[in-house]
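Chemist: Please read through the structure below; I'll follow up with questions.
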Amino acid sequence: MSLREWQDQVGTLLLKPSQEAQVGRVADPKVRVLALYEELLFNTVCGTVENIYPFTHQVLTHHQGEENQWRGLVEAYRRACPNRSYSLIGAICDFSQFLGKQSALMAEFPFIADLARYEWLEMAVLNDPEPALHEGLASMVPDVALFDQYQPVWNPIRRLYTFSYNIPVLLDAWKASPQSVLENPARFSVPQDLLIYRDPRTLDARFFVVNELTATLLRLSGKGASYEATLTALQSEIPALVQLSGAVLKRQAQGLFEDCLGKGILMGSLSGSI
C-alpha cells in the first residue's frame, strides 16, 4: 500500500467511520488504533462545542434522552464543515450557520442559530489577539471645534451583529424557567443590533444593545476619517440627522463619543491621519 493510499484510508475512517471500525469490534490492530483516534477526536470536538455553546447545548438536550441526538448533531456538523483551522476553537466557528440550515431544528427552536451566534461572538472577542495601539493616541474626545483635526480610534476587538431574537432577555428567562422559553419563543422575536467587545481594562466580554444611531456610527468607524467626516457620513446614512444644525449634531455626538470612551468601545483620539 502506498503512502497516498494509506492517507486516503485514514481520512475516510476519521470522517466517515463505518460501524465495523468501532473500537472493540475489529481484530486488525491498525484499524483499532485509527478507530480509537477517531473516537478521541470526536469526543474532543464534542467537548469543545459544549464548552463554547453551553446554553445551546442546554436547550437542545433539555428533555431526557436528547444527549444522543446532540452528539449526532455535532457529528453531522463535523462532517459537513471539515476543520479549516489548527485550533479547536476554529474548528467549531461555523456551528451557528450549520444550525441555521437545519430546517427541522429551526422549526422547533427558531432562536437556536441566534443563540449559538451570541455564544460564539463572546468566545471570538475573548480570543482575538491584542493589537498594538498607535503612537500618540490620546485617551480623550476632542472639543467639537477640533473635530476636523482628530480622528476616533475604536476598540478593534468588537463585533456588531443584528440578531432576530432578544438573546439576553431570552437567556434570563431560560435561567428562570426553561419551559416558558420553549413554550413561547416568539415573544423574544425582537430584532436588535448587539455590540460585543472586549473591555481593554478588564479583558471581559461586554454586551450592549445599541440603537440605530450608535449601530450606524460603529459601522462607519475604522476608516481613518476625522470626527467631522464621520458625522458627515452619519448624516448621509440617517436622513433625519440632516435637520440638525452642525453645532447641535456635534454636541450630541460628543456625548455619545464620551460614553463610548468610558465604556472602552472608543480607545481615544489621534491627531491627523494614521
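Every chain in the C-alpha cells has a letter given in the order shown (A, B, ...), and although residue numbers restart at 1 in each chain, ligands are simply numbered from 1 in the order shown.
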Could you pull the residues within 12 Å of A:Thr44, counting only C-alpha atoms, minus those fewer than 5 positions along the same chain, as a list in words?
Modeler: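 My list of contacting residues is Tyr37, Glu38, Glu39, Val49, Glu50, Asn51, Arg71, Val74, Glu75, Arg78, Ser87, Leu88, Ile89, Ala91 and Ile92 of chain A.
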Chemist: Write out, as an mmCIF file, in the first residue's frame, the residues just selected, with C-alpha atoms.
Modeler:
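As written to disk, out.cif reads:
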```
data_model
loop_
_atom_site.group_PDB
_atom_site.id
_atom_site.type_symbol
_atom_site.label_atom_id
_atom_site.label_comp_id
_atom_site.auth_asym_id
_atom_site.auth_seq_id
_atom_site.Cartn_x
_atom_site.Cartn_y
_atom_site.Cartn_z
ATOM 1 C CA TYR A 37 -8.125 8.044 17.426
ATOM 2 C CA GLU A 38 -11.391 8.882 15.651
ATOM 3 C CA GLU A 39 -13.319 8.391 18.883
ATOM 4 C CA VAL A 49 -18.633 22.624 21.267
ATOM 5 C CA GLU A 50 -20.286 22.124 24.663
ATOM 6 C CA ASN A 51 -17.806 24.489 26.343
ATOM 7 C CA ARG A 71 -23.883 14.045 19.696
ATOM 8 C CA VAL A 74 -22.166 17.506 16.389
ATOM 9 C CA GLU A 75 -21.001 14.591 14.261
ATOM 10 C CA ARG A 78 -18.054 17.826 11.793
ATOM 11 C CA SER A 87 -7.174 25.321 16.665
ATOM 12 C CA LEU A 88 -10.152 23.569 18.234
ATOM 13 C CA ILE A 89 -11.936 26.911 18.552
ATOM 14 C CA ALA A 91 -12.913 24.010 14.192
ATOM 15 C CA ILE A 92 -16.362 24.927 15.501
#
```
Chemist: One number please: atom CA of A:Leu160 to atom CA of A:Leu194, in Å, one decimal.
Modeler: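 About the pair atom CA of A:Leu160 and atom CA of A:Leu194: they are 5.8 Å apart.
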Chemist: Between atom CA of A:Gln102 and atom CA of A:Arg159, what is the distance in Å, rounded to a tenth?
Modeler: 24.8 Å
Chemist: For the structure I just gave you, how does DSSP split stretch 106-228 of chain A - specifically, which residues are strand (DSSP E or B)? Reply as a VMD selection string.
Modeler: chain A and resid 138 150 to 154 158 to 163 192 to 198 205 to 210
Chemist: Go ahead and dump the residues you just picked, N, CA and C atoms, as a compact mmCIF listing (two decimals), in the first residue's frame.
Modeler:
```txt
# COMPACT_ATOMS: atom_id res chain seq x y z
N ALA A 138 -4.34 59.56 22.26
CA ALA A 138 -4.72 60.27 23.48
C ALA A 138 -6.06 59.75 23.96
N TYR A 150 -8.94 65.73 14.57
CA TYR A 150 -8.71 64.45 15.25
C TYR A 150 -9.59 63.36 14.64
N GLN A 151 -9.12 62.16 14.75
CA GLN A 151 -9.93 61.03 14.32
C GLN A 151 -10.12 60.06 15.48
N PRO A 152 -11.28 59.43 15.56
CA PRO A 152 -11.51 58.46 16.64
C PRO A 152 -10.76 57.16 16.36
N VAL A 153 -10.26 56.55 17.42
CA VAL A 153 -9.63 55.24 17.32
C VAL A 153 -10.48 54.27 18.14
N TRP A 154 -11.17 53.39 17.46
CA TRP A 154 -12.12 52.50 18.11
C TRP A 154 -11.44 51.22 18.57
N ARG A 158 -14.07 43.96 18.55
CA ARG A 158 -15.51 44.14 18.71
C ARG A 158 -16.24 43.46 17.56
N ARG A 159 -17.48 43.11 17.81
CA ARG A 159 -18.35 42.56 16.79
C ARG A 159 -19.70 43.26 16.91
N LEU A 160 -20.25 43.67 15.81
CA LEU A 160 -21.59 44.24 15.77
C LEU A 160 -22.44 43.32 14.92
N TYR A 161 -23.51 42.80 15.53
CA TYR A 161 -24.30 41.79 14.83
C TYR A 161 -25.78 42.07 15.04
N THR A 162 -26.56 41.88 13.98
CA THR A 162 -28.01 42.05 14.07
C THR A 162 -28.66 40.69 14.33
N PHE A 163 -29.30 40.57 15.48
CA PHE A 163 -29.98 39.35 15.88
C PHE A 163 -31.48 39.46 15.61
N GLN A 192 -32.65 43.19 16.87
CA GLN A 192 -31.84 44.19 17.56
C GLN A 192 -30.38 44.09 17.14
N ASP A 193 -29.70 45.24 17.21
CA ASP A 193 -28.26 45.28 16.98
C ASP A 193 -27.57 45.14 18.33
N LEU A 194 -26.63 44.22 18.39
CA LEU A 194 -25.93 43.97 19.64
C LEU A 194 -24.42 44.13 19.42
N LEU A 195 -23.79 44.90 20.28
CA LEU A 195 -22.35 45.09 20.23
C LEU A 195 -21.69 44.18 21.26
N ILE A 196 -20.74 43.39 20.81
CA ILE A 196 -19.95 42.54 21.70
C ILE A 196 -18.50 42.97 21.54
N TYR A 197 -17.84 43.32 22.62
CA TYR A 197 -16.45 43.76 22.52
C TYR A 197 -15.69 43.35 23.77
N ARG A 198 -14.35 43.42 23.69
CA ARG A 198 -13.52 43.09 24.83
C ARG A 198 -13.10 44.37 25.54
N ALA A 205 -15.64 40.16 28.16
CA ALA A 205 -16.53 40.42 27.03
C ALA A 205 -17.71 41.24 27.52
N ARG A 206 -18.04 42.31 26.80
CA ARG A 206 -19.17 43.17 27.15
C ARG A 206 -20.22 43.11 26.04
N PHE A 207 -21.48 43.16 26.45
CA PHE A 207 -22.60 43.11 25.52
C PHE A 207 -23.46 44.35 25.69
N PHE A 208 -23.81 45.01 24.58
CA PHE A 208 -24.69 46.16 24.65
C PHE A 208 -25.67 46.13 23.48
N VAL A 209 -26.93 46.35 23.80
CA VAL A 209 -27.92 46.58 22.75
C VAL A 209 -27.76 48.03 22.32
N VAL A 210 -27.55 48.26 21.02
CA VAL A 210 -27.32 49.62 20.53
C VAL A 210 -28.46 50.04 19.62
```
Chemist: Residues of stretch 104-176 of chain A that approach stretch 240-263 of chain A to 10 Å or less, counting only C-alpha atoms: could you list each one with the shortest pair of atoms and its distance in Å to one decimal, rows by chain and increasing residue number, as CSV?
Modeler:
```
residue,atom,partner,partner_atom,distance
A:Ser139,CA,A:Leu261,CA,7.8
A:Met140,CA,A:Leu261,CA,7.4
A:Val141,CA,A:Glu258,CA,6.3
A:Pro142,CA,A:Gln254,CA,8.3
A:Asp143,CA,A:Gln254,CA,8.0
A:Val144,CA,A:Lys250,CA,6.1
A:Ala145,CA,A:Lys250,CA,9.0
A:Phe147,CA,A:Lys250,CA,8.3
A:Pro152,CA,A:Phe257,CA,8.7
A:Val153,CA,A:Leu261,CA,9.8
A:Trp154,CA,A:Leu261,CA,8.8
A:Asn155,CA,A:Leu261,CA,9.4
```
